[in-house]
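Heads up, query39.txt below (compact mmCIF, N, CA and C atoms):
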```txt
# COMPACT_ATOMS: atom_id res chain seq x y z
N MET W 1435 0.24 16.56 -11.67
CA MET W 1435 -0.26 17.28 -10.51
C MET W 1435 0.85 18.12 -9.90
N THR W 1436 0.48 19.27 -9.44
CA THR W 1436 1.44 20.14 -8.77
C THR W 1436 1.56 19.72 -7.31
N PRO W 1437 2.64 20.17 -6.63
CA PRO W 1437 2.73 19.89 -5.19
C PRO W 1437 1.50 20.37 -4.41
N ALA W 1438 0.96 21.52 -4.80
CA ALA W 1438 -0.24 22.03 -4.12
C ALA W 1438 -1.44 21.11 -4.35
N ASP W 1439 -1.55 20.56 -5.56
CA ASP W 1439 -2.63 19.61 -5.86
C ASP W 1439 -2.49 18.36 -5.00
N LEU W 1440 -1.25 17.87 -4.87
CA LEU W 1440 -0.99 16.68 -4.07
C LEU W 1440 -1.36 16.92 -2.61
N GLU W 1441 -0.97 18.08 -2.09
CA GLU W 1441 -1.30 18.42 -0.70
C GLU W 1441 -2.81 18.51 -0.49
N ALA W 1442 -3.49 19.12 -1.45
CA ALA W 1442 -4.94 19.26 -1.33
C ALA W 1442 -5.62 17.89 -1.38
N LEU W 1443 -5.15 17.01 -2.23
CA LEU W 1443 -5.72 15.68 -2.32
C LEU W 1443 -5.46 14.88 -1.04
N ALA W 1444 -4.26 15.02 -0.48
CA ALA W 1444 -3.95 14.36 0.79
C ALA W 1444 -4.90 14.85 1.88
N ARG W 1445 -5.13 16.14 1.93
CA ARG W 1445 -6.04 16.74 2.92
C ARG W 1445 -7.45 16.19 2.75
N ARG W 1446 -7.90 16.07 1.50
CA ARG W 1446 -9.23 15.53 1.23
C ARG W 1446 -9.35 14.10 1.74
N ALA W 1447 -8.31 13.30 1.53
CA ALA W 1447 -8.34 11.90 1.99
C ALA W 1447 -8.43 11.83 3.50
N VAL W 1448 -7.63 12.66 4.18
CA VAL W 1448 -7.66 12.67 5.65
C VAL W 1448 -9.02 13.14 6.14
N ASP W 1449 -9.55 14.17 5.50
CA ASP W 1449 -10.88 14.67 5.88
C ASP W 1449 -11.95 13.60 5.67
N ARG W 1450 -11.86 12.86 4.59
CA ARG W 1450 -12.88 11.86 4.26
C ARG W 1450 -12.81 10.64 5.16
N TYR W 1451 -11.59 10.11 5.34
CA TYR W 1451 -11.45 8.83 6.04
C TYR W 1451 -11.06 8.96 7.51
N GLY W 1452 -10.56 10.12 7.89
CA GLY W 1452 -10.14 10.34 9.27
C GLY W 1452 -8.67 10.02 9.49
N ALA W 1453 -8.07 10.75 10.41
CA ALA W 1453 -6.64 10.60 10.68
C ALA W 1453 -6.30 9.20 11.19
N ALA W 1454 -7.08 8.68 12.12
CA ALA W 1454 -6.78 7.37 12.69
C ALA W 1454 -6.79 6.28 11.62
N HIS W 1455 -7.78 6.32 10.75
CA HIS W 1455 -7.87 5.32 9.68
C HIS W 1455 -6.68 5.45 8.73
N GLN W 1456 -6.31 6.67 8.39
CA GLN W 1456 -5.21 6.85 7.44
C GLN W 1456 -3.86 6.49 8.07
N ILE W 1457 -3.72 6.68 9.36
CA ILE W 1457 -2.50 6.21 10.04
C ILE W 1457 -2.43 4.69 9.96
N ASP W 1458 -3.55 4.02 10.22
CA ASP W 1458 -3.58 2.56 10.10
C ASP W 1458 -3.26 2.12 8.67
N LYS W 1459 -3.81 2.84 7.70
CA LYS W 1459 -3.55 2.52 6.29
C LYS W 1459 -2.07 2.72 5.96
N ALA W 1460 -1.46 3.75 6.51
CA ALA W 1460 -0.04 3.99 6.28
C ALA W 1460 0.80 2.84 6.82
N VAL W 1461 0.44 2.35 8.00
CA VAL W 1461 1.16 1.20 8.58
C VAL W 1461 1.05 -0.01 7.65
N GLU W 1462 -0.14 -0.23 7.14
CA GLU W 1462 -0.36 -1.35 6.20
C GLU W 1462 0.50 -1.20 4.95
N GLU W 1463 0.51 -0.01 4.39
CA GLU W 1463 1.29 0.23 3.16
C GLU W 1463 2.79 0.10 3.43
N LEU W 1464 3.24 0.56 4.58
CA LEU W 1464 4.66 0.42 4.93
C LEU W 1464 5.04 -1.06 5.05
N ALA W 1465 4.15 -1.86 5.65
CA ALA W 1465 4.41 -3.29 5.77
C ALA W 1465 4.48 -3.94 4.39
N GLU W 1466 3.62 -3.51 3.48
CA GLU W 1466 3.64 -4.06 2.12
C GLU W 1466 4.93 -3.68 1.40
N LEU W 1467 5.44 -2.48 1.65
CA LEU W 1467 6.72 -2.09 1.05
C LEU W 1467 7.85 -2.94 1.61
N ILE W 1468 7.84 -3.16 2.90
CA ILE W 1468 8.87 -4.01 3.51
C ILE W 1468 8.83 -5.40 2.87
N ALA W 1469 7.64 -5.97 2.73
CA ALA W 1469 7.51 -7.30 2.14
C ALA W 1469 8.02 -7.31 0.70
N ALA W 1470 7.67 -6.29 -0.08
CA ALA W 1470 8.12 -6.22 -1.47
C ALA W 1470 9.63 -6.09 -1.55
N LEU W 1471 10.22 -5.29 -0.67
CA LEU W 1471 11.68 -5.15 -0.66
C LEU W 1471 12.36 -6.48 -0.32
N MET W 1472 11.81 -7.19 0.63
CA MET W 1472 12.39 -8.48 1.00
C MET W 1472 12.26 -9.49 -0.14
N GLN W 1473 11.12 -9.48 -0.81
CA GLN W 1473 10.93 -10.36 -1.96
C GLN W 1473 11.93 -10.01 -3.08
N HIS W 1474 12.13 -8.74 -3.30
CA HIS W 1474 13.07 -8.29 -4.33
C HIS W 1474 14.50 -8.72 -3.97
N ARG W 1475 14.89 -8.49 -2.73
CA ARG W 1475 16.24 -8.89 -2.31
C ARG W 1475 16.47 -10.38 -2.43
N ALA W 1476 15.41 -11.14 -2.22
CA ALA W 1476 15.52 -12.60 -2.32
C ALA W 1476 15.45 -13.07 -3.78
N GLY W 1477 15.27 -12.15 -4.71
CA GLY W 1477 15.23 -12.49 -6.12
C GLY W 1477 13.92 -13.11 -6.57
N ARG W 1478 12.86 -12.90 -5.79
CA ARG W 1478 11.58 -13.53 -6.12
C ARG W 1478 10.72 -12.69 -7.06
N HIS W 1479 11.05 -11.43 -7.25
CA HIS W 1479 10.35 -10.62 -8.26
C HIS W 1479 11.19 -9.41 -8.62
N GLY W 1480 10.77 -8.74 -9.68
CA GLY W 1480 11.50 -7.59 -10.19
C GLY W 1480 11.24 -6.33 -9.40
N MET W 1481 11.48 -5.21 -10.06
CA MET W 1481 11.38 -3.92 -9.38
C MET W 1481 9.99 -3.31 -9.40
N ASP W 1482 9.13 -3.70 -10.34
CA ASP W 1482 7.81 -3.07 -10.42
C ASP W 1482 6.98 -3.22 -9.15
N PRO W 1483 6.95 -4.38 -8.49
CA PRO W 1483 6.19 -4.44 -7.23
C PRO W 1483 6.75 -3.49 -6.16
N VAL W 1484 8.05 -3.32 -6.14
CA VAL W 1484 8.66 -2.39 -5.19
C VAL W 1484 8.28 -0.96 -5.56
N ARG W 1485 8.34 -0.65 -6.84
CA ARG W 1485 7.97 0.70 -7.30
C ARG W 1485 6.52 1.03 -6.95
N GLU W 1486 5.64 0.04 -7.13
CA GLU W 1486 4.23 0.26 -6.80
C GLU W 1486 4.05 0.53 -5.31
N GLU W 1487 4.75 -0.24 -4.48
CA GLU W 1487 4.63 -0.03 -3.03
C GLU W 1487 5.25 1.29 -2.60
N ILE W 1488 6.34 1.70 -3.26
CA ILE W 1488 6.92 3.02 -2.97
C ILE W 1488 5.89 4.10 -3.27
N ALA W 1489 5.17 3.96 -4.38
CA ALA W 1489 4.14 4.93 -4.73
C ALA W 1489 3.04 4.96 -3.67
N ASP W 1490 2.59 3.77 -3.23
CA ASP W 1490 1.56 3.71 -2.20
C ASP W 1490 2.03 4.38 -0.90
N VAL W 1491 3.26 4.11 -0.51
CA VAL W 1491 3.81 4.69 0.71
C VAL W 1491 3.96 6.20 0.55
N THR W 1492 4.38 6.65 -0.61
CA THR W 1492 4.52 8.10 -0.84
C THR W 1492 3.18 8.80 -0.69
N VAL W 1493 2.12 8.21 -1.22
CA VAL W 1493 0.78 8.78 -1.07
C VAL W 1493 0.41 8.86 0.40
N MET W 1494 0.70 7.80 1.14
CA MET W 1494 0.36 7.80 2.57
C MET W 1494 1.23 8.78 3.34
N LEU W 1495 2.49 8.93 2.94
CA LEU W 1495 3.36 9.90 3.62
C LEU W 1495 2.85 11.32 3.44
N LEU W 1496 2.30 11.63 2.28
CA LEU W 1496 1.71 12.95 2.09
C LEU W 1496 0.56 13.17 3.08
N GLN W 1497 -0.21 12.11 3.32
CA GLN W 1497 -1.31 12.23 4.27
C GLN W 1497 -0.80 12.32 5.71
N LEU W 1498 0.22 11.54 6.04
CA LEU W 1498 0.81 11.63 7.38
C LEU W 1498 1.39 13.02 7.62
N ARG W 1499 2.03 13.56 6.60
CA ARG W 1499 2.58 14.92 6.68
C ARG W 1499 1.47 15.91 7.02
N ASP W 1500 0.32 15.74 6.36
CA ASP W 1500 -0.81 16.61 6.62
C ASP W 1500 -1.31 16.44 8.06
N ILE W 1501 -1.40 15.20 8.51
CA ILE W 1501 -1.90 14.90 9.85
C ILE W 1501 -0.99 15.46 10.93
N PHE W 1502 0.32 15.30 10.76
CA PHE W 1502 1.27 15.65 11.81
C PHE W 1502 1.89 17.05 11.66
N GLY W 1503 1.46 17.78 10.65
CA GLY W 1503 1.91 19.15 10.49
C GLY W 1503 3.00 19.31 9.45
N PRO W 1504 2.64 19.82 8.27
CA PRO W 1504 3.61 19.94 7.19
C PRO W 1504 4.87 20.73 7.56
N ALA W 1505 4.72 21.83 8.25
CA ALA W 1505 5.88 22.65 8.60
C ALA W 1505 6.80 21.91 9.57
N ASP W 1506 6.20 21.22 10.53
CA ASP W 1506 7.00 20.47 11.49
C ASP W 1506 7.73 19.31 10.82
N VAL W 1507 7.04 18.61 9.92
CA VAL W 1507 7.68 17.50 9.21
C VAL W 1507 8.81 18.03 8.33
N GLU W 1508 8.57 19.14 7.64
CA GLU W 1508 9.61 19.73 6.79
C GLU W 1508 10.84 20.11 7.61
N GLY W 1509 10.60 20.62 8.81
CA GLY W 1509 11.72 20.96 9.69
C GLY W 1509 12.56 19.73 10.02
N TRP W 1510 11.90 18.62 10.31
CA TRP W 1510 12.63 17.37 10.60
C TRP W 1510 13.36 16.86 9.36
N ILE W 1511 12.72 16.98 8.20
CA ILE W 1511 13.38 16.55 6.96
C ILE W 1511 14.65 17.36 6.74
N CYS W 1512 14.57 18.66 6.91
CA CYS W 1512 15.75 19.51 6.72
C CYS W 1512 16.86 19.12 7.70
N LEU W 1513 16.49 18.89 8.96
CA LEU W 1513 17.48 18.49 9.96
C LEU W 1513 18.15 17.18 9.56
N LYS W 1514 17.35 16.20 9.15
CA LYS W 1514 17.91 14.90 8.77
C LYS W 1514 18.78 15.01 7.52
N MET W 1515 18.37 15.82 6.55
CA MET W 1515 19.17 15.99 5.34
C MET W 1515 20.47 16.73 5.63
N ASP W 1516 20.42 17.70 6.54
CA ASP W 1516 21.65 18.39 6.96
C ASP W 1516 22.62 17.41 7.61
N ARG W 1517 22.10 16.53 8.45
CA ARG W 1517 22.95 15.52 9.09
C ARG W 1517 23.55 14.58 8.05
N LEU W 1518 22.75 14.16 7.09
CA LEU W 1518 23.24 13.28 6.03
C LEU W 1518 24.33 13.97 5.23
N ALA W 1519 24.10 15.23 4.88
CA ALA W 1519 25.10 15.99 4.12
C ALA W 1519 26.40 16.09 4.91
N ALA W 1520 26.30 16.34 6.20
CA ALA W 1520 27.50 16.45 7.04
C ALA W 1520 28.26 15.12 7.08
N ARG W 1521 27.53 14.02 7.19
CA ARG W 1521 28.19 12.71 7.18
C ARG W 1521 28.86 12.44 5.84
N LEU W 1522 28.16 12.75 4.76
CA LEU W 1522 28.72 12.49 3.44
C LEU W 1522 29.92 13.40 3.16
N ASP W 1523 29.82 14.64 3.54
CA ASP W 1523 30.91 15.60 3.32
C ASP W 1523 32.10 15.31 4.21
N GLY W 1524 31.83 14.79 5.40
CA GLY W 1524 32.90 14.49 6.35
C GLY W 1524 33.48 13.11 6.18
N GLY W 1525 32.87 12.30 5.34
CA GLY W 1525 33.37 10.95 5.11
C GLY W 1525 32.98 9.96 6.18
N ASN W 1526 32.12 10.36 7.11
CA ASN W 1526 31.67 9.42 8.15
C ASN W 1526 30.58 8.53 7.60
N PRO W 1527 30.53 7.29 8.06
CA PRO W 1527 29.49 6.37 7.56
C PRO W 1527 28.10 6.72 8.03
```
structure tokens encoding of this file:
Amino acid sequence: MTPADLEALARRAVDRYGAAHQIDKAVEELAELIAALMQHRAGRHGMDPVREEIADVTVMLLQLRDIFGPADVEGWICLKMDRLAARLDGGNP
């Protein structure tokens, strides 16, 4: 799928299920990722459950991006990445 296909599919999901429902679903998926990461750190399972939850969260993030404004979210991503680059280039933690 192309990025445009992914965006269109995210829009369809938000249109079908509604923004409020998809926000709730995103919270659920984020909680599942947290649980999988904790299980992985504790050595209770391998990486595949974490990978699956990352995929679920990524799908929901595409929908959240659609809900909260793709251009606005991209602006925040650029700002955060610029800050990260400055920290890495400057040697600050």
Counting only N, CA and C atoms, the residue of W:Ala1505, W:Ala1444, W:Leu1498, W:Ala1470 that sits nearest W:Arg1485 =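 Ranked by minimum distance to W:Arg1485, first place goes to W:Ala1470.
Relative to atom CA of W:Gln1497, atom C of W:Asp1449 is found at 10.8 Å.
Of the listed residues (W:Val1448, W:Val1491, W:Met1435, W:Leu1443), W:Val1491 comes nearest to W:Leu1464; the distances count all atoms listed in the file.
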inquiry  = Can you measure atom CA of W:Leu1496 to atom CA of W:Ala1447 for me? One decimal in Å is fine.
reply    =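 Result for atom CA of W:Leu1496 versus atom CA of W:Ala1447: 10.1 Å, one decimal.
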request  = Using atom CA of W:Met1481 and atom CA of W:Leu1518 as the two end points, give the distance in Å to one decimal.
outcome  =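 Atom CA of W:Met1481 sits 26.0 Å away from atom CA of W:Leu1518.
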inquiry  = I'd like the neighbourhood of W:Arg1499 as a PyMOL selection string, where a residue qualifies if any of its atoms comes within 10 Å (using only C-alpha atoms), though same-chain residues fewer than 6 positions away should be ignored.
reply    = chain W and resi 1441+1444-1445+1505-1508
For the residues selected in the previous step, produce a file with N, CA and C atoms as a tab-separated table (two decimals), in the frame of the given file.
```
chain	number	residue	atom	x	y	z
W	1441	GLU	N	-0.97	18.08	-2.09
W	1441	GLU	CA	-1.30	18.42	-0.70
W	1441	GLU	C	-2.81	18.51	-0.49
W	1444	ALA	N	-4.26	15.02	-0.48
W	1444	ALA	CA	-3.95	14.36	0.79
W	1444	ALA	C	-4.90	14.85	1.88
W	1445	ARG	N	-5.13	16.14	1.93
W	1445	ARG	CA	-6.04	16.74	2.92
W	1445	ARG	C	-7.45	16.19	2.75
W	1505	ALA	N	4.72	21.83	8.25
W	1505	ALA	CA	5.88	22.65	8.60
W	1505	ALA	C	6.80	21.91	9.57
W	1506	ASP	N	6.20	21.22	10.53
W	1506	ASP	CA	7.00	20.47	11.49
W	1506	ASP	C	7.73	19.31	10.82
W	1507	VAL	N	7.04	18.61	9.92
W	1507	VAL	CA	7.68	17.50	9.21
W	1507	VAL	C	8.81	18.03	8.33
W	1508	GLU	N	8.57	19.14	7.64
W	1508	GLU	CA	9.61	19.73	6.79
W	1508	GLU	C	10.84	20.11	7.61
```
Contact residues around W:Asp1490 with only C-alpha atoms at 9 Å, ignoring same-chain residues under 4 positions, as an mmCIF file with N, CA and C atoms, in the coordinates of the input:
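The result, stored in part29.cif:
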```cif
data_model
loop_
_atom_site.group_PDB
_atom_site.id
_atom_site.type_symbol
_atom_site.label_atom_id
_atom_site.label_comp_id
_atom_site.auth_asym_id
_atom_site.auth_seq_id
_atom_site.Cartn_x
_atom_site.Cartn_y
_atom_site.Cartn_z
ATOM 1 N N ALA W 1460 -1.460 3.750 6.510
ATOM 2 C CA ALA W 1460 -0.040 3.990 6.280
ATOM 3 C C ALA W 1460 0.800 2.840 6.820
ATOM 4 N N GLU W 1463 0.510 -0.010 4.390
ATOM 5 C CA GLU W 1463 1.290 0.230 3.160
ATOM 6 C C GLU W 1463 2.790 0.100 3.430
ATOM 7 N N LEU W 1464 3.240 0.560 4.580
ATOM 8 C CA LEU W 1464 4.660 0.420 4.930
ATOM 9 C C LEU W 1464 5.040 -1.060 5.050
ATOM 10 N N LEU W 1467 5.440 -2.480 1.650
ATOM 11 C CA LEU W 1467 6.720 -2.090 1.050
ATOM 12 C C LEU W 1467 7.850 -2.940 1.610
ATOM 13 N N ARG W 1485 8.340 -0.650 -6.840
ATOM 14 C CA ARG W 1485 7.970 0.700 -7.300
ATOM 15 C C ARG W 1485 6.520 1.030 -6.950
ATOM 16 N N GLU W 1486 5.640 0.040 -7.130
ATOM 17 C CA GLU W 1486 4.230 0.260 -6.800
ATOM 18 C C GLU W 1486 4.050 0.530 -5.310
ATOM 19 N N MET W 1494 0.700 7.800 1.140
ATOM 20 C CA MET W 1494 0.360 7.800 2.570
ATOM 21 C C MET W 1494 1.230 8.780 3.340
ATOM 22 N N LEU W 1495 2.490 8.930 2.940
ATOM 23 C CA LEU W 1495 3.360 9.900 3.620
ATOM 24 C C LEU W 1495 2.850 11.320 3.440
#
```
